[in-house]
>>> print(open('structure07.cif').read())   # mmCIF, C-alpha atoms
data_model
loop_
_atom_site.label_atom_id
_atom_site.label_comp_id
_atom_site.auth_asym_id
_atom_site.auth_seq_id
_atom_site.Cartn_x
_atom_site.Cartn_y
_atom_site.Cartn_z
CA MET A 18 -35.52 66.78 59.64
CA GLU A 19 -35.26 68.80 56.45
CA HIS A 20 -36.37 67.27 53.16
CA LYS A 21 -35.60 68.11 49.57
CA TYR A 22 -39.06 66.89 48.48
CA PRO A 23 -42.48 67.37 50.13
CA PHE A 24 -43.24 65.20 53.15
CA ILE A 25 -46.33 65.18 55.38
CA PRO A 26 -46.86 63.92 58.94
CA TYR A 27 -48.06 60.35 59.36
CA ALA A 28 -49.49 58.66 62.44
CA ALA A 29 -50.59 55.03 62.21
CA GLU A 30 -53.53 53.72 64.20
CA ARG A 31 -52.50 52.04 67.42
CA HIS A 32 -54.52 49.47 69.38
CA ASP A 33 -53.96 47.48 72.51
CA GLU A 34 -52.85 43.88 72.21
CA ALA A 35 -56.31 42.35 72.48
CA GLU A 36 -57.74 44.66 69.82
CA MET A 37 -54.84 44.00 67.44
CA ILE A 38 -55.43 40.27 67.70
CA ARG A 39 -59.20 40.66 67.36
CA ARG A 40 -58.81 42.72 64.20
CA GLY A 41 -56.22 40.38 62.77
CA ARG A 42 -58.36 37.33 63.42
CA ALA A 43 -61.47 38.99 61.95
CA PHE A 44 -59.58 39.93 58.80
CA TYR A 45 -58.14 36.43 58.47
CA GLU A 46 -61.58 34.84 58.86
CA HIS A 47 -62.94 37.28 56.27
CA VAL A 48 -60.33 36.54 53.59
CA ASP A 49 -60.30 32.82 54.40
CA ARG A 50 -63.86 32.68 53.01
CA ARG A 51 -62.62 33.93 49.62
CA ARG A 52 -62.57 31.42 46.79
CA SER A 53 -61.77 31.60 43.11
CA VAL A 54 -65.02 31.14 41.16
CA ARG A 55 -65.63 29.74 37.67
CA PHE A 56 -69.43 29.84 37.80
CA PHE A 57 -70.87 33.35 37.56
CA SER A 58 -74.30 34.94 37.52
CA ASP A 59 -75.09 37.51 34.83
CA GLU A 60 -76.63 39.73 37.51
CA PRO A 61 -75.48 43.34 36.94
CA VAL A 62 -72.81 44.81 39.21
CA PRO A 63 -72.46 48.59 39.60
CA ARG A 64 -69.44 50.01 37.81
CA GLU A 65 -68.60 51.89 41.00
CA CYS A 66 -67.84 48.59 42.75
CA VAL A 67 -65.07 47.86 40.26
CA GLU A 68 -63.85 51.44 40.46
CA LEU A 69 -63.62 51.17 44.24
CA ALA A 70 -61.66 47.92 43.93
CA VAL A 71 -59.19 49.62 41.59
CA MET A 72 -58.93 52.54 44.02
CA ALA A 73 -58.03 49.98 46.70
CA ALA A 74 -55.43 48.49 44.34
CA ASN A 75 -53.95 51.95 43.90
CA THR A 76 -53.05 51.98 47.61
CA ALA A 77 -50.50 49.20 47.03
CA PRO A 78 -46.84 49.95 47.67
CA SER A 79 -44.72 49.96 44.53
CA GLY A 80 -41.09 50.31 43.56
CA ALA A 81 -40.15 54.01 43.77
CA HIS A 82 -43.90 54.71 43.95
CA GLN A 83 -44.15 54.35 40.17
CA GLN A 84 -47.46 52.42 40.36
CA PRO A 85 -46.73 50.38 37.22
CA TRP A 86 -50.23 49.03 36.64
CA LYS A 87 -53.18 49.84 34.43
CA PHE A 88 -56.64 48.26 34.83
CA VAL A 89 -58.93 48.00 31.79
CA LEU A 90 -62.66 47.57 32.45
CA ILE A 91 -64.76 45.74 29.84
CA GLY A 92 -68.51 45.38 30.04
CA ASP A 93 -69.83 45.22 26.49
CA ARG A 94 -70.87 41.80 25.26
CA ALA A 95 -69.06 41.92 21.93
CA THR A 96 -65.66 42.58 23.52
CA LYS A 97 -66.23 39.98 26.23
CA LYS A 98 -67.07 37.47 23.51
CA ARG A 99 -63.85 38.32 21.62
CA ILE A 100 -61.81 37.84 24.77
CA LYS A 101 -63.53 34.56 25.59
CA GLU A 102 -63.00 33.16 22.10
CA ALA A 103 -59.35 34.25 21.97
CA ALA A 104 -58.67 32.83 25.45
CA GLU A 105 -60.22 29.50 24.48
CA VAL A 106 -58.00 29.26 21.39
CA GLU A 107 -54.93 29.40 23.61
CA GLU A 108 -56.43 27.14 26.25
CA ARG A 109 -57.31 24.47 23.68
CA ARG A 110 -53.67 24.48 22.66
CA ASN A 111 -52.86 23.90 26.30
CA TYR A 112 -55.41 21.23 27.16
CA GLU A 113 -56.03 19.49 23.83
CA GLY A 114 -52.92 20.50 21.92
CA GLY A 115 -50.39 19.02 24.30
CA ARG A 116 -48.82 22.26 25.51
CA LEU A 117 -49.42 21.33 29.17
CA THR A 118 -46.70 19.15 30.66
CA PRO A 119 -47.72 16.00 32.56
CA GLU A 120 -46.67 17.66 35.82
CA TRP A 121 -48.86 20.67 35.05
CA ARG A 122 -51.83 18.44 34.23
CA GLU A 123 -51.35 16.58 37.49
CA ALA A 124 -51.26 19.84 39.46
CA LEU A 125 -54.45 21.07 37.78
CA ALA A 126 -56.36 17.79 38.12
CA PRO A 127 -58.03 18.58 41.51
CA LEU A 128 -59.38 21.83 40.04
CA GLU A 129 -60.98 20.02 37.05
CA THR A 130 -60.29 23.00 34.79
CA THR A 131 -60.80 22.74 31.03
CA SER A 132 -60.38 24.91 27.95
CA ASP A 133 -64.00 26.09 28.32
CA LYS A 134 -63.95 29.72 29.49
CA GLY A 135 -67.64 30.47 29.01
CA TYR A 136 -67.76 32.38 32.29
CA LEU A 137 -65.90 35.22 30.56
CA GLU A 138 -69.11 36.01 28.69
CA VAL A 139 -71.43 35.45 31.66
CA ALA A 140 -69.76 37.67 34.26
CA PRO A 141 -70.95 41.28 33.91
CA TRP A 142 -67.41 42.64 33.89
CA ILE A 143 -63.96 41.63 32.74
CA VAL A 144 -61.04 43.54 34.19
CA VAL A 145 -57.61 43.13 32.65
CA CYS A 146 -54.60 44.29 34.63
CA PHE A 147 -51.63 45.38 32.54
CA ALA A 148 -48.12 45.75 33.93
CA GLU A 149 -46.22 48.78 32.68
CA LYS A 150 -42.77 47.47 31.77
CA TYR A 151 -41.56 51.07 31.60
CA GLY A 152 -43.08 54.52 31.67
CA VAL A 153 -43.24 56.98 28.79
CA ARG A 154 -42.69 60.70 29.24
CA PRO A 155 -44.73 63.21 27.22
CA ASP A 156 -41.72 63.67 24.92
CA GLY A 157 -41.56 59.91 24.27
CA ARG A 158 -38.55 59.13 26.46
CA ARG A 159 -38.68 55.92 28.48
CA VAL A 160 -38.76 55.87 32.27
CA LYS A 161 -37.36 52.76 33.92
CA HIS A 162 -39.75 51.03 36.31
CA TYR A 163 -38.52 49.05 39.29
CA TYR A 164 -39.94 45.86 40.82
CA VAL A 165 -42.79 45.75 38.33
CA ASN A 166 -43.93 42.17 38.97
CA GLU A 167 -43.85 42.57 42.72
CA SER A 168 -45.69 45.90 42.64
CA VAL A 169 -48.42 44.75 40.26
CA GLY A 170 -48.87 41.50 42.16
CA ILE A 171 -49.53 43.37 45.41
CA ALA A 172 -51.99 45.70 43.67
CA CYS A 173 -53.88 42.75 42.22
CA GLY A 174 -54.05 41.13 45.65
CA LEU A 175 -55.68 44.25 47.06
CA PHE A 176 -58.06 44.36 44.07
CA ILE A 177 -59.16 40.78 44.77
CA THR A 178 -59.59 41.45 48.48
CA ALA A 179 -61.66 44.56 47.82
CA LEU A 180 -64.00 42.61 45.54
CA HIS A 181 -64.38 39.89 48.17
CA THR A 182 -65.15 42.53 50.80
CA MET A 183 -68.03 43.79 48.62
CA GLY A 184 -69.41 40.26 48.25
CA LEU A 185 -68.20 39.86 44.68
CA SER A 186 -66.30 36.99 43.14
CA THR A 187 -63.44 36.75 40.70
CA LEU A 188 -60.79 34.45 39.29
CA THR A 189 -57.16 35.05 38.39
CA HIS A 190 -57.14 33.90 34.78
CA THR A 191 -53.80 33.93 32.98
CA PRO A 192 -54.19 32.38 29.52
CA ASN A 193 -50.77 31.81 28.01
CA PRO A 194 -49.77 33.57 25.85
CA MET A 195 -51.88 36.67 26.53
CA ALA A 196 -50.82 38.97 23.68
CA PHE A 197 -54.39 38.94 22.32
CA LEU A 198 -55.43 41.05 25.32
CA SER A 199 -53.07 43.84 24.29
CA GLU A 200 -54.64 43.88 20.84
CA ILE A 201 -58.26 43.69 21.97
CA CYS A 202 -57.77 46.32 24.68
CA ALA A 203 -55.66 48.52 22.38
CA ARG A 204 -52.82 48.85 24.89
CA PRO A 205 -49.43 50.38 24.03
CA GLY A 206 -46.18 48.44 23.71
CA ASN A 207 -44.91 49.38 27.16
CA GLU A 208 -47.71 47.40 28.79
CA ARG A 209 -48.06 43.62 28.99
CA PRO A 210 -51.12 41.66 30.13
CA TYR A 211 -50.69 40.49 33.71
CA ILE A 212 -54.00 38.97 34.89
CA LEU A 213 -57.53 38.77 33.49
CA PHE A 214 -60.31 39.00 36.10
CA PRO A 215 -63.96 38.09 35.46
CA VAL A 216 -65.92 40.05 38.06
CA GLY A 217 -69.46 39.45 39.28
CA HIS A 218 -71.65 37.51 41.66
CA ALA A 219 -71.14 33.78 42.00
CA ALA A 220 -73.92 31.77 40.36
CA PRO A 221 -76.54 30.38 42.79
CA ASP A 222 -75.37 26.85 41.98
CA ALA A 223 -71.65 27.66 41.94
CA GLU A 224 -69.26 25.00 43.17
CA VAL A 225 -65.58 25.20 44.09
CA PRO A 226 -63.03 22.44 44.66
CA ASP A 227 -62.85 21.12 48.22
CA LEU A 228 -59.35 22.36 48.94
CA THR A 229 -57.43 23.13 52.11
CA ARG A 230 -54.99 25.97 52.58
CA LYS A 231 -51.44 25.61 53.83
CA PRO A 232 -51.42 25.56 57.66
CA LEU A 233 -49.52 28.20 59.58
CA ARG A 234 -46.82 25.73 60.63
CA GLU A 235 -45.91 25.23 56.95
CA ALA A 236 -46.18 28.90 55.97
CA LEU A 237 -44.31 30.50 58.87
CA LEU A 238 -40.88 29.60 60.19
CA HIS A 239 -39.60 31.03 63.47
CA PHE A 240 -35.92 31.83 63.02
CA SER A 241 -34.16 32.96 66.16
#
>>> encode(input="structure07.cif", output="structure tokens")
Amino acid sequence: MEHKYPFIPYAAERHDEAEMIRRGRAFYEHVDRRRSVRFFSDEPVPRECVELAVMAANTAPSGAHQQPWKFVLIGDRATKKRIKEAAEVEERRNYEGGRLTPEWREALAPLETTSDKGYLEVAPWIVVCFAEKYGVRPDGRRVKHYYVNESVGIACGLFITALHTMGLSTLTHTPNPMAFLSEICARPGNERPYILFPVGHAAPDAEVPDLTRKPLREALLHFS
């Protein structure tokens, strides 16, 4: 088949039925051990670990292959402190200021979350993912991006899984509103904050809520 643009051959790995199931089960058991963590150690984590996780995120499929994400890595204490303080301002408005609806409070109750975001200073790294609402050409013209939320969400999922694979912990923190992250990280107007990730090792005494995940029978419907 002739192409107008460059194409290269592709051959996916193939395995017999037993090996496919073994690999699938091993991967499921691996990711099923992942938990969101709010108690971090200040133990240093090599920058390369975060870089590798972003490289994994870059393998995500995206609308028209526009890759509409940008990850910002923050490790200096002063900036982490600014982010923590700004996040807590918004969270106090949520928890103590009445911005959370009763339904939202009820949903959050089993997690026992509060406006205290001290872990943002403890974790050795903060990574902020920004979604590019549109691209900008060198001459300043805008480039429309397609399926931005879906594309960035998939990339963030791969980022989280890569961290878990390296034995690191994180949390998807989305303070609302998040405009302060654009200011602190000095991001342009075509980008909006998507998720804030503290990244590091879980504290030795870390605890997580005793939750159960949706069983397969509720997640998968057989339609035929």
>>> resolve_selection(input="structure07.cif", expression="the PyMOL selection byres ((chain A and resi 138) around 8)", output="VMD selection string")
chain A and resid 94 97 to 98 101 135 to 137 139 to 141
>>> resolve_selection(input="structure07.cif", expression="the PyMOL selection byres ((chain A and resi 213) around 6)", output="PyMOL selection string")
chain A and resi 144-145+190+212+214
>>> atom_distance(input="structure07.cif", atom1="atom CA of A:Tyr151", atom2="atom CA of A:Tyr163")
8.5 Å
>>> atom_distance(input="structure07.cif", atom1="atom CA of A:Leu185", atom2="atom CA of A:Ile143")
12.8 Å
>>> closest_residue(input="structure07.cif", among="A:Ser168, A:Ala124, A:Phe147, A:Arg209", to="A:Asn75", atoms="only C-alpha atoms")
A:Ser168
>>> residues_around(input="structure07.cif", residues="stretch 221-227 of chain A", least_positions_apart="3", cutoff="8 Å", atoms="only C-alpha atoms", output="PDB file with C-alpha atoms, in the coordinates of the input")
ATOM      1  CA  ARG A  52     -62.570  31.420  46.790  1.00  0.00           C
ATOM      2  CA  SER A  53     -61.770  31.600  43.110  1.00  0.00           C
ATOM      3  CA  VAL A  54     -65.020  31.140  41.160  1.00  0.00           C
ATOM      4  CA  ARG A  55     -65.630  29.740  37.670  1.00  0.00           C
ATOM      5  CA  PHE A  56     -69.430  29.840  37.800  1.00  0.00           C
ATOM      6  CA  PHE A  57     -70.870  33.350  37.560  1.00  0.00           C
ATOM      7  CA  SER A  58     -74.300  34.940  37.520  1.00  0.00           C
ATOM      8  CA  PRO A 127     -58.030  18.580  41.510  1.00  0.00           C
ATOM      9  CA  LEU A 128     -59.380  21.830  40.040  1.00  0.00           C
TER      10      LEU A 128
END
>>> closest_residue(input="structure07.cif", among="A:Arg109, A:Arg159, A:Val67, A:Arg204", to="A:Gly217", atoms="all atoms listed in the file")
A:Val67
